[in-house]
Amino acid sequence: MFRLAAQTLRHRTGGFLATFAALAAGVTVLMTCALLVESGWRHQGDPHRYGAAVAVVADRDLTVDGPTVFGETERTTVLLPERGSVPEKVAGDLADVPGVERAVGDRRLVVTTTAAPRLPTTGHGWSSTALAPHRLVSGRPPRSDGEIAVDARLAGPTGLVPGATTEVVTGGVSRTYEVSGVVVSDGGDGGDGADGAASGRAALFFTDAHAAALDPHPGRYDAVGVLTAPDADRDAVLAEVRRIADTAGATAYTGDDRGLAAEPESAAARSLALGAGAAFAGYAAAVVGFVVAGTVGLSVRHRRRDLALLRAVAATPGQVRSMLLAEVGLLALLAGAVGVPAGLLASRRVRDALVSRGFLPDDFTVQGGALSAAAVVVTVAAVALLSAWIAALRVTRIRPTEALGETAVEPATGGRVRLVCGLACVAGALSLTVLTGATDGQTALGAAMGMLYLFVLGVALLAPWINQAAARLLGPVLRTVWGDSGYLAAANLRAHARGTVAVLTALVLSVGLGGTVWFLQDNLERQAAVQSREGVLARYALTSGAGLPASAVAEARRVPGVVAATGVRRTSVVVPDRLEPQTVPAQGIDPLGADRTLDLKVRSGSLDALREGTVAVSTARADAAGWRLGGEARLWLGDGTPVTLCVVAVYERGWGFGDVTLHRRTLDGHTVTGLDDRVLIRTTPDFGGEDVLAELARRYPGGQVTDTDRLTGELAEDVAVSGWLNKMLVTVLVGYAVLAAANTQVMAALARTRELSLLRLVGVTRGQVKRMVHAEQAGLLGVALLIGAAIAAVTLTTIVRAVTGAAVPHVPAAGWAVLLGGTSALALLATMVPVTHVLRTAPVEGMGVRE
């Protein structure tokens, strides 16, 4: 059977090329998604920082108990947005474990050196050099508060040597230090820093006492590394270390997982790769499933005559099905041979794009491939084989003479089961419309995407009836515009209602998905920018890349002409939700005078009541979490600290300022830097003290005073960067769907050689044939674009109202023109080019073309 299938493929190359293209492109898209997931699963970060430790105790994630289902409590683990810490007492407990030689507490300070301001650098206490371990190559350890040791990665490009001085900014204050020594880590070359060359971070070391004084988390360590004695029972030590870590609410990281303790960014990168890759793969699998099923099914239907003849010469139904399955299986293997390497190349391009935009760290690499390739090829092959088997059932189930009769006229519609399933999908989509409108946040997003795909699946199942109804309704219009050619076009649309299912589905999917996801992101970006612009009442903003201490606010208020100044500290917190906890943006502010610098559009309560132990929340978050004014709000700060706060205000501008607003003192000791990101300054209308503000900015390292309009631009840019992932997804999937539709149209057009030749033999001119095809495409495109636009409009309006509160979504006219115009142009081109080629063939020769 495989030999017969191979011969069929060889002699019918043109007919199978479209199927191969759809399969190969599908493998490429899915391979890229799967490889991103596999790379995230394998990514462990660089454990170089803790290379000498057998275990590292740290707090990097939060496990939250969810609802209990069938007696089992569901638990969700969330990566902490701010690095968690462990009490200093844990180091003492670990040091007392039999077999432990030392338990070294490591502090991690955010620092910037004036010698290399763009080089990411962290500060540590000197004792933590034992964890890599590091060794001195010149000089000596720091012995006083005014001395530091630097690693070779920092010393190399800056020329810092023992005896040199440099300024180090930490805690928003710049101090001058003398370099006492230069260290390198054992096992690495001279250019490796304390955090490893792969991570791209340099390190410098203070005395332990000075590091403790600079640490914004007093009494706590960032992590504790465990060093064992040479004769220690490793398993027994690790068991006790894990017990102590569990008691402290932390995690014991061992092996390659130590890299996740050293750089939580690696855990964030892993989570992003797994989450984004899985989400993209889910959407891509749905699109690829639609496309491949439609293309393979159409290919089989175009061969009904061949299959019927095989039945007539005594081929059994099983033999025919086996031949079709063998053909599609061989095509799937060939598609895998092309799509897998293309997916490997595309995944590396995607990785580079994600790294350049800051989504992934520099040390994230594309890993694996064999597992992803096997899964993708098997999945695509299974979809293709199932589609071929279903498409062949009708021809192989009936008697050969009936099969030959059905080749002349294709069944107009599908069966009763198909009709019922299609109506059920539409009903499910309508019910999700209600659910989306009644929820918000991630729940609304998930319901909206489910609604979108149920609509598209319903259209795919109901396409034969939709096409027939559209042909009847459009018949008078087509006849009026195109005359006799329009009459023929309407008749063809009615007769080939099932044959155009794949085209209709692909076009509806491309317009519906593109119009929803792309414009949804535009709405989110616009909403964030508008809320930020309208909500900032201050005229100036004092900013610094190194952060600003609380004293900056007090100094700004003392400037003559300044009406109010508000320090803003941006962070993230973990909040409960209906299904699972979510990480949401938050801010900490000093409420004194905040009503003059910020307008959060408070709906109830007042920001004046904001104190330590209270919170203000957005309306969307309050509805999602069930919080009410005057009630309690249970959440976790960025470092995992649980707090229960009293809700004193509910505001509407959550997209512009975050879902949670806290008093700045509530965040003290719970953020990485402990500093403000900016100070908003409102002045009198006739203020002329810009020079005084500039002088104030110069007191802080990297400080500058800018107009608040620039802050709005930066926020919009940040939101646009975060939305790039969704736009990349929709670009790939819509592009694939549109190209698949064009591919299917080319295949359908080439299969009409005998039909068009017969029309020309009975007197229809070439011009009339072209006008007929134009009319057909106008009708099919009109229906597809109308349905796709309607689905996008319903989905987009529902979700924008649920997520942002806007009644009418913002839809740029240029965007719709590009989406609809590009889809239409490509679809028309894909039909008219092959039809023009077919019309060049003499009608008599065309009648002899093999179907």
# chains A, B, ... in the order shown; residues from 1 in each chain; ligands from 1
call {"tool": "residues_around", "arguments": {"residues": "A:Trp41", "least_positions_apart": "4", "cutoff": "12 Å", "atoms": "only C-alpha atoms", "output": "ChimeraX atom specification"}}
result
/A:34-37,45,257,266-275,277-278,364-369,371-372
call {"tool": "residues_around", "arguments": {"residues": "stretch 341-351 of chain A", "least_positions_apart": "3", "cutoff": "8 Å", "atoms": "only C-alpha atoms", "output": "PyMOL selection string"}}
result
chain A and resi 27-33+35-36+337-338+354-355+360+365-366+369
call {"tool": "atom_distance", "arguments": {"atom1": "atom CA of A:Leu333", "atom2": "atom CA of A:Ala740"}}
result
19.1 Å
call {"tool": "residues_around", "arguments": {"residues": "A:Thr583", "least_positions_apart": "3", "cutoff": "12 Å", "atoms": "only C-alpha atoms", "output": "list in words"}}
result
Asp61, Leu62, Thr77, Val78, Leu79, Leu80, Pro81, Glu82, Gly441, Gln442, Thr571, Ser572, Val573, Val574, Val575, Pro576, Asp577, Glu580, Ala586, Arg621, Leu635, Trp636, Leu637, Gly638, Asp639, Gly640, Gly658, Asp659 and Val660 of chain A
call {"tool": "residues_around", "arguments": {"residues": "stretch 209-220 of chain A", "least_positions_apart": "3", "cutoff": "12 Å", "atoms": "only C-alpha atoms", "output": "number ranges by chain"}}
result
A: 58-59, 83-91, 105-111, 122-128, 142-148, 168-175, 177, 204-206, 223-224, 248, 549, 639, 667-675
call {"tool": "residues_around", "arguments": {"residues": "A:Val800", "least_positions_apart": "3", "cutoff": "10 Å", "atoms": "only C-alpha atoms", "output": "list of chain:residue names"}}
result
A:Thr436, A:Gly437, A:Asp440, A:Ala444, A:Leu445, A:Ala448, A:Thr516, A:Phe519, A:Leu520, A:Gln521, A:Asn523, A:Leu524, A:Gln527, A:Thr795, A:Leu796, A:Thr797, A:Val803, A:Thr804, A:Gly805, A:Ala806, A:Ala807, A:Val808, A:Pro809, A:His810
call {"tool": "write_last_selection", "arguments": {"atoms": "N, CA and C atoms", "output": "PDB file, in the first residue's frame"}}
result
ATOM      1  N   THR A 436     -18.312  36.202  29.713  1.00  0.00           N
ATOM      2  CA  THR A 436     -17.260  37.218  29.560  1.00  0.00           C
ATOM      3  C   THR A 436     -17.726  38.569  30.073  1.00  0.00           C
ATOM      4  N   GLY A 437     -18.964  38.921  29.786  1.00  0.00           N
ATOM      5  CA  GLY A 437     -19.474  40.198  30.251  1.00  0.00           C
ATOM      6  C   GLY A 437     -19.661  40.258  31.750  1.00  0.00           C
ATOM      7  N   ASP A 440     -14.143  39.498  34.675  1.00  0.00           N
ATOM      8  CA  ASP A 440     -13.118  40.445  34.268  1.00  0.00           C
ATOM      9  C   ASP A 440     -11.760  39.775  34.362  1.00  0.00           C
ATOM     10  N   ALA A 444     -12.103  36.737  32.111  1.00  0.00           N
ATOM     11  CA  ALA A 444     -12.767  37.274  30.923  1.00  0.00           C
ATOM     12  C   ALA A 444     -11.960  36.984  29.672  1.00  0.00           C
ATOM     13  N   LEU A 445     -10.634  37.098  29.770  1.00  0.00           N
ATOM     14  CA  LEU A 445      -9.795  36.809  28.615  1.00  0.00           C
ATOM     15  C   LEU A 445      -9.935  35.354  28.178  1.00  0.00           C
ATOM     16  N   ALA A 448     -13.298  34.769  26.615  1.00  0.00           N
ATOM     17  CA  ALA A 448     -13.400  35.396  25.302  1.00  0.00           C
ATOM     18  C   ALA A 448     -12.697  34.566  24.240  1.00  0.00           C
ATOM     19  N   THR A 516      -9.730  40.323  16.785  1.00  0.00           N
ATOM     20  CA  THR A 516      -9.919  40.282  18.241  1.00  0.00           C
ATOM     21  C   THR A 516      -8.622  40.534  18.984  1.00  0.00           C
ATOM     22  N   PHE A 519      -6.553  44.013  17.951  1.00  0.00           N
ATOM     23  CA  PHE A 519      -7.198  45.251  18.400  1.00  0.00           C
ATOM     24  C   PHE A 519      -7.454  45.251  19.896  1.00  0.00           C
ATOM     25  N   LEU A 520      -7.549  44.071  20.503  1.00  0.00           N
ATOM     26  CA  LEU A 520      -7.629  44.032  21.962  1.00  0.00           C
ATOM     27  C   LEU A 520      -6.360  44.614  22.571  1.00  0.00           C
ATOM     28  N   GLN A 521      -5.220  44.230  22.031  1.00  0.00           N
ATOM     29  CA  GLN A 521      -3.965  44.769  22.553  1.00  0.00           C
ATOM     30  C   GLN A 521      -3.888  46.277  22.340  1.00  0.00           C
ATOM     31  N   ASN A 523      -6.386  48.283  22.359  1.00  0.00           N
ATOM     32  CA  ASN A 523      -7.271  48.883  23.352  1.00  0.00           C
ATOM     33  C   ASN A 523      -6.631  48.924  24.725  1.00  0.00           C
ATOM     34  N   LEU A 524      -5.914  47.850  25.090  1.00  0.00           N
ATOM     35  CA  LEU A 524      -5.256  47.837  26.393  1.00  0.00           C
ATOM     36  C   LEU A 524      -4.159  48.899  26.454  1.00  0.00           C
ATOM     37  N   GLN A 527      -5.864  52.314  26.651  1.00  0.00           N
ATOM     38  CA  GLN A 527      -6.492  52.544  27.946  1.00  0.00           C
ATOM     39  C   GLN A 527      -5.453  52.895  28.995  1.00  0.00           C
ATOM     40  N   THR A 795     -16.749  39.628  20.054  1.00  0.00           N
ATOM     41  CA  THR A 795     -15.724  39.222  21.017  1.00  0.00           C
ATOM     42  C   THR A 795     -14.980  40.429  21.577  1.00  0.00           C
ATOM     43  N   LEU A 796     -14.558  41.322  20.687  1.00  0.00           N
ATOM     44  CA  LEU A 796     -13.773  42.477  21.117  1.00  0.00           C
ATOM     45  C   LEU A 796     -14.592  43.399  22.009  1.00  0.00           C
ATOM     46  N   THR A 797     -15.827  43.673  21.617  1.00  0.00           N
ATOM     47  CA  THR A 797     -16.662  44.560  22.429  1.00  0.00           C
ATOM     48  C   THR A 797     -16.914  43.973  23.811  1.00  0.00           C
ATOM     49  N   VAL A 803     -12.917  44.024  30.579  1.00  0.00           N
ATOM     50  CA  VAL A 803     -11.568  44.241  31.099  1.00  0.00           C
ATOM     51  C   VAL A 803     -11.293  45.706  31.402  1.00  0.00           C
ATOM     52  N   THR A 804     -11.706  46.612  30.510  1.00  0.00           N
ATOM     53  CA  THR A 804     -11.368  48.024  30.689  1.00  0.00           C
ATOM     54  C   THR A 804     -12.547  48.882  31.100  1.00  0.00           C
ATOM     55  N   GLY A 805     -13.759  48.383  30.928  1.00  0.00           N
ATOM     56  CA  GLY A 805     -14.933  49.182  31.253  1.00  0.00           C
ATOM     57  C   GLY A 805     -15.404  50.075  30.130  1.00  0.00           C
ATOM     58  N   ALA A 806     -14.653  50.134  29.030  1.00  0.00           N
ATOM     59  CA  ALA A 806     -15.045  50.963  27.893  1.00  0.00           C
ATOM     60  C   ALA A 806     -16.210  50.312  27.151  1.00  0.00           C
ATOM     61  N   ALA A 807     -17.245  51.095  26.834  1.00  0.00           N
ATOM     62  CA  ALA A 807     -18.426  50.543  26.177  1.00  0.00           C
ATOM     63  C   ALA A 807     -18.160  50.224  24.716  1.00  0.00           C
ATOM     64  N   VAL A 808     -17.333  51.054  24.070  1.00  0.00           N
ATOM     65  CA  VAL A 808     -17.043  50.873  22.645  1.00  0.00           C
ATOM     66  C   VAL A 808     -15.540  50.707  22.482  1.00  0.00           C
ATOM     67  N   PRO A 809     -15.086  49.627  21.858  1.00  0.00           N
ATOM     68  CA  PRO A 809     -13.641  49.434  21.682  1.00  0.00           C
ATOM     69  C   PRO A 809     -13.066  50.403  20.665  1.00  0.00           C
ATOM     70  N   HIS A 810     -11.793  50.694  20.833  1.00  0.00           N
ATOM     71  CA  HIS A 810     -11.080  51.550  19.884  1.00  0.00           C
ATOM     72  C   HIS A 810     -10.538  50.686  18.753  1.00  0.00           C
TER      73      HIS A 810
END
call {"tool": "closest_residue", "arguments": {"among": "A:Gly656, A:Leu260, A:Gly821, A:Leu662", "to": "A:Val643", "atoms": "only C-alpha atoms"}}
result
A:Leu662
call {"tool": "select_by_dssp", "arguments": {"residues": "stretch 412-611 of chain A", "states": "helix (DSSP H, G or I)", "output": "PyMOL selection string"}}
result
chain A and resi 416-438+441-482+484-495+501-535+551-557+594-597+607-609
call {"tool": "decode", "arguments": {"residues": "stretch 302-337 of chain A", "atoms": "N, CA, C and O atoms", "output": "PDB file, in the first residue's frame"}}
result
ATOM      1  N   HIS A 302     -11.673  16.211  -3.865  1.00  0.00           N
ATOM      2  CA  HIS A 302     -11.332  16.451  -5.271  1.00  0.00           C
ATOM      3  C   HIS A 302     -10.986  15.160  -6.005  1.00  0.00           C
ATOM      4  O   HIS A 302     -10.938  15.158  -7.234  1.00  0.00           O
ATOM      5  N   ARG A 303     -10.754  14.091  -5.277  1.00  0.00           N
ATOM      6  CA  ARG A 303     -10.374  12.816  -5.906  1.00  0.00           C
ATOM      7  C   ARG A 303     -11.513  11.805  -5.828  1.00  0.00           C
ATOM      8  O   ARG A 303     -11.293  10.599  -5.912  1.00  0.00           O
ATOM      9  N   ARG A 304     -12.728  12.290  -5.655  1.00  0.00           N
ATOM     10  CA  ARG A 304     -13.848  11.351  -5.545  1.00  0.00           C
ATOM     11  C   ARG A 304     -13.971  10.452  -6.765  1.00  0.00           C
ATOM     12  O   ARG A 304     -14.299   9.277  -6.656  1.00  0.00           O
ATOM     13  N   ARG A 305     -13.688  11.006  -7.935  1.00  0.00           N
ATOM     14  CA  ARG A 305     -13.814  10.206  -9.165  1.00  0.00           C
ATOM     15  C   ARG A 305     -12.796   9.074  -9.170  1.00  0.00           C
ATOM     16  O   ARG A 305     -13.125   7.924  -9.477  1.00  0.00           O
ATOM     17  N   ASP A 306     -11.553   9.389  -8.830  1.00  0.00           N
ATOM     18  CA  ASP A 306     -10.511   8.347  -8.769  1.00  0.00           C
ATOM     19  C   ASP A 306     -10.890   7.261  -7.782  1.00  0.00           C
ATOM     20  O   ASP A 306     -10.767   6.057  -8.059  1.00  0.00           O
ATOM     21  N   LEU A 307     -11.346   7.689  -6.606  1.00  0.00           N
ATOM     22  CA  LEU A 307     -11.669   6.720  -5.562  1.00  0.00           C
ATOM     23  C   LEU A 307     -12.866   5.867  -5.971  1.00  0.00           C
ATOM     24  O   LEU A 307     -12.914   4.655  -5.690  1.00  0.00           O
ATOM     25  N   ALA A 308     -13.839   6.497  -6.623  1.00  0.00           N
ATOM     26  CA  ALA A 308     -15.002   5.733  -7.081  1.00  0.00           C
ATOM     27  C   ALA A 308     -14.603   4.706  -8.132  1.00  0.00           C
ATOM     28  O   ALA A 308     -15.112   3.575  -8.142  1.00  0.00           O
ATOM     29  N   LEU A 309     -13.695   5.080  -9.043  1.00  0.00           N
ATOM     30  CA  LEU A 309     -13.229   4.137 -10.049  1.00  0.00           C
ATOM     31  C   LEU A 309     -12.484   2.978  -9.412  1.00  0.00           C
ATOM     32  O   LEU A 309     -12.615   1.819  -9.852  1.00  0.00           O
ATOM     33  N   LEU A 310     -11.687   3.250  -8.399  1.00  0.00           N
ATOM     34  CA  LEU A 310     -11.000   2.172  -7.693  1.00  0.00           C
ATOM     35  C   LEU A 310     -12.023   1.217  -7.070  1.00  0.00           C
ATOM     36  O   LEU A 310     -11.840  -0.012  -7.098  1.00  0.00           O
ATOM     37  N   ARG A 311     -13.089   1.773  -6.511  1.00  0.00           N
ATOM     38  CA  ARG A 311     -14.133   0.904  -5.958  1.00  0.00           C
ATOM     39  C   ARG A 311     -14.784   0.088  -7.064  1.00  0.00           C
ATOM     40  O   ARG A 311     -15.132  -1.090  -6.870  1.00  0.00           O
ATOM     41  N   ALA A 312     -14.965   0.697  -8.243  1.00  0.00           N
ATOM     42  CA  ALA A 312     -15.639   0.005  -9.342  1.00  0.00           C
ATOM     43  C   ALA A 312     -14.822  -1.159  -9.894  1.00  0.00           C
ATOM     44  O   ALA A 312     -15.386  -2.102 -10.452  1.00  0.00           O
ATOM     45  N   VAL A 313     -13.495  -1.104  -9.754  1.00  0.00           N
ATOM     46  CA  VAL A 313     -12.640  -2.200 -10.256  1.00  0.00           C
ATOM     47  C   VAL A 313     -12.252  -3.137  -9.123  1.00  0.00           C
ATOM     48  O   VAL A 313     -11.194  -3.760  -9.159  1.00  0.00           O
ATOM     49  N   ALA A 314     -13.093  -3.194  -8.096  1.00  0.00           N
ATOM     50  CA  ALA A 314     -13.001  -4.216  -7.046  1.00  0.00           C
ATOM     51  C   ALA A 314     -12.100  -3.867  -5.885  1.00  0.00           C
ATOM     52  O   ALA A 314     -11.790  -4.734  -5.061  1.00  0.00           O
ATOM     53  N   ALA A 315     -11.661  -2.623  -5.761  1.00  0.00           N
ATOM     54  CA  ALA A 315     -10.912  -2.240  -4.561  1.00  0.00           C
ATOM     55  C   ALA A 315     -11.868  -2.183  -3.380  1.00  0.00           C
ATOM     56  O   ALA A 315     -12.968  -1.626  -3.472  1.00  0.00           O
ATOM     57  N   THR A 316     -11.473  -2.758  -2.283  1.00  0.00           N
ATOM     58  CA  THR A 316     -12.330  -2.782  -1.098  1.00  0.00           C
ATOM     59  C   THR A 316     -12.281  -1.426  -0.393  1.00  0.00           C
ATOM     60  O   THR A 316     -11.316  -0.660  -0.556  1.00  0.00           O
ATOM     61  N   PRO A 317     -13.304  -1.110   0.395  1.00  0.00           N
ATOM     62  CA  PRO A 317     -13.273   0.153   1.159  1.00  0.00           C
ATOM     63  C   PRO A 317     -12.039   0.264   2.039  1.00  0.00           C
ATOM     64  O   PRO A 317     -11.444   1.343   2.154  1.00  0.00           O
ATOM     65  N   GLY A 318     -11.643  -0.848   2.669  1.00  0.00           N
ATOM     66  CA  GLY A 318     -10.458  -0.812   3.518  1.00  0.00           C
ATOM     67  C   GLY A 318      -9.201  -0.492   2.738  1.00  0.00           C
ATOM     68  O   GLY A 318      -8.324   0.235   3.221  1.00  0.00           O
ATOM     69  N   GLN A 319      -9.093  -1.034   1.519  1.00  0.00           N
ATOM     70  CA  GLN A 319      -7.910  -0.756   0.701  1.00  0.00           C
ATOM     71  C   GLN A 319      -7.856   0.714   0.293  1.00  0.00           C
ATOM     72  O   GLN A 319      -6.788   1.329   0.281  1.00  0.00           O
ATOM     73  N   VAL A 320      -9.005   1.268  -0.061  1.00  0.00           N
ATOM     74  CA  VAL A 320      -9.030   2.690  -0.447  1.00  0.00           C
ATOM     75  C   VAL A 320      -8.644   3.568   0.731  1.00  0.00           C
ATOM     76  O   VAL A 320      -7.830   4.496   0.609  1.00  0.00           O
ATOM     77  N   ARG A 321      -9.224   3.264   1.899  1.00  0.00           N
ATOM     78  CA  ARG A 321      -8.878   4.063   3.077  1.00  0.00           C
ATOM     79  C   ARG A 321      -7.400   3.906   3.433  1.00  0.00           C
ATOM     80  O   ARG A 321      -6.730   4.868   3.803  1.00  0.00           O
ATOM     81  N   SER A 322      -6.887   2.691   3.329  1.00  0.00           N
ATOM     82  CA  SER A 322      -5.470   2.461   3.632  1.00  0.00           C
ATOM     83  C   SER A 322      -4.574   3.245   2.681  1.00  0.00           C
ATOM     84  O   SER A 322      -3.547   3.806   3.092  1.00  0.00           O
ATOM     85  N   MET A 323      -4.960   3.298   1.400  1.00  0.00           N
ATOM     86  CA  MET A 323      -4.162   4.053   0.438  1.00  0.00           C
ATOM     87  C   MET A 323      -4.158   5.549   0.790  1.00  0.00           C
ATOM     88  O   MET A 323      -3.107   6.201   0.777  1.00  0.00           O
ATOM     89  N   LEU A 324      -5.326   6.069   1.131  1.00  0.00           N
ATOM     90  CA  LEU A 324      -5.401   7.489   1.485  1.00  0.00           C
ATOM     91  C   LEU A 324      -4.584   7.783   2.741  1.00  0.00           C
ATOM     92  O   LEU A 324      -3.864   8.793   2.813  1.00  0.00           O
ATOM     93  N   LEU A 325      -4.711   6.911   3.725  1.00  0.00           N
ATOM     94  CA  LEU A 325      -3.957   7.117   4.953  1.00  0.00           C
ATOM     95  C   LEU A 325      -2.459   7.022   4.696  1.00  0.00           C
ATOM     96  O   LEU A 325      -1.665   7.766   5.284  1.00  0.00           O
ATOM     97  N   ALA A 326      -2.060   6.107   3.833  1.00  0.00           N
ATOM     98  CA  ALA A 326      -0.635   5.986   3.503  1.00  0.00           C
ATOM     99  C   ALA A 326      -0.134   7.242   2.804  1.00  0.00           C
ATOM    100  O   ALA A 326       0.974   7.720   3.075  1.00  0.00           O
ATOM    101  N   GLU A 327      -0.944   7.775   1.881  1.00  0.00           N
ATOM    102  CA  GLU A 327      -0.549   9.003   1.187  1.00  0.00           C
ATOM    103  C   GLU A 327      -0.359  10.160   2.175  1.00  0.00           C
ATOM    104  O   GLU A 327       0.665  10.859   2.145  1.00  0.00           O
ATOM    105  N   VAL A 328      -1.350  10.339   3.023  1.00  0.00           N
ATOM    106  CA  VAL A 328      -1.268  11.440   3.980  1.00  0.00           C
ATOM    107  C   VAL A 328      -0.142  11.206   4.976  1.00  0.00           C
ATOM    108  O   VAL A 328       0.554  12.145   5.382  1.00  0.00           O
ATOM    109  N   GLY A 329       0.079   9.960   5.377  1.00  0.00           N
ATOM    110  CA  GLY A 329       1.185   9.663   6.287  1.00  0.00           C
ATOM    111  C   GLY A 329       2.534  10.011   5.683  1.00  0.00           C
ATOM    112  O   GLY A 329       3.391  10.593   6.352  1.00  0.00           O
ATOM    113  N   LEU A 330       2.715   9.649   4.404  1.00  0.00           N
ATOM    114  CA  LEU A 330       3.974   9.999   3.731  1.00  0.00           C
ATOM    115  C   LEU A 330       4.129  11.516   3.621  1.00  0.00           C
ATOM    116  O   LEU A 330       5.229  12.053   3.820  1.00  0.00           O
ATOM    117  N   LEU A 331       3.028  12.209   3.295  1.00  0.00           N
ATOM    118  CA  LEU A 331       3.096  13.670   3.224  1.00  0.00           C
ATOM    119  C   LEU A 331       3.446  14.268   4.582  1.00  0.00           C
ATOM    120  O   LEU A 331       4.218  15.241   4.668  1.00  0.00           O
ATOM    121  N   ALA A 332       2.889  13.687   5.649  1.00  0.00           N
ATOM    122  CA  ALA A 332       3.190  14.198   6.993  1.00  0.00           C
ATOM    123  C   ALA A 332       4.661  14.000   7.333  1.00  0.00           C
ATOM    124  O   ALA A 332       5.291  14.884   7.941  1.00  0.00           O
ATOM    125  N   LEU A 333       5.225  12.861   6.943  1.00  0.00           N
ATOM    126  CA  LEU A 333       6.650  12.629   7.206  1.00  0.00           C
ATOM    127  C   LEU A 333       7.511  13.610   6.412  1.00  0.00           C
ATOM    128  O   LEU A 333       8.491  14.156   6.931  1.00  0.00           O
ATOM    129  N   LEU A 334       7.154  13.829   5.137  1.00  0.00           N
ATOM    130  CA  LEU A 334       7.895  14.808   4.338  1.00  0.00           C
ATOM    131  C   LEU A 334       7.752  16.218   4.926  1.00  0.00           C
ATOM    132  O   LEU A 334       8.723  16.993   4.958  1.00  0.00           O
ATOM    133  N   ALA A 335       6.542  16.544   5.368  1.00  0.00           N
ATOM    134  CA  ALA A 335       6.327  17.853   5.986  1.00  0.00           C
ATOM    135  C   ALA A 335       7.151  17.999   7.254  1.00  0.00           C
ATOM    136  O   ALA A 335       7.686  19.070   7.548  1.00  0.00           O
ATOM    137  N   GLY A 336       7.262  16.910   8.030  1.00  0.00           N
ATOM    138  CA  GLY A 336       8.101  16.948   9.224  1.00  0.00           C
ATOM    139  C   GLY A 336       9.557  17.167   8.895  1.00  0.00           C
ATOM    140  O   GLY A 336      10.263  17.902   9.586  1.00  0.00           O
ATOM    141  N   ALA A 337      10.023  16.534   7.797  1.00  0.00           N
ATOM    142  CA  ALA A 337      11.420  16.693   7.397  1.00  0.00           C
ATOM    143  C   ALA A 337      11.734  18.134   7.017  1.00  0.00           C
ATOM    144  O   ALA A 337      12.868  18.602   7.184  1.00  0.00           O
TER     145      ALA A 337
END
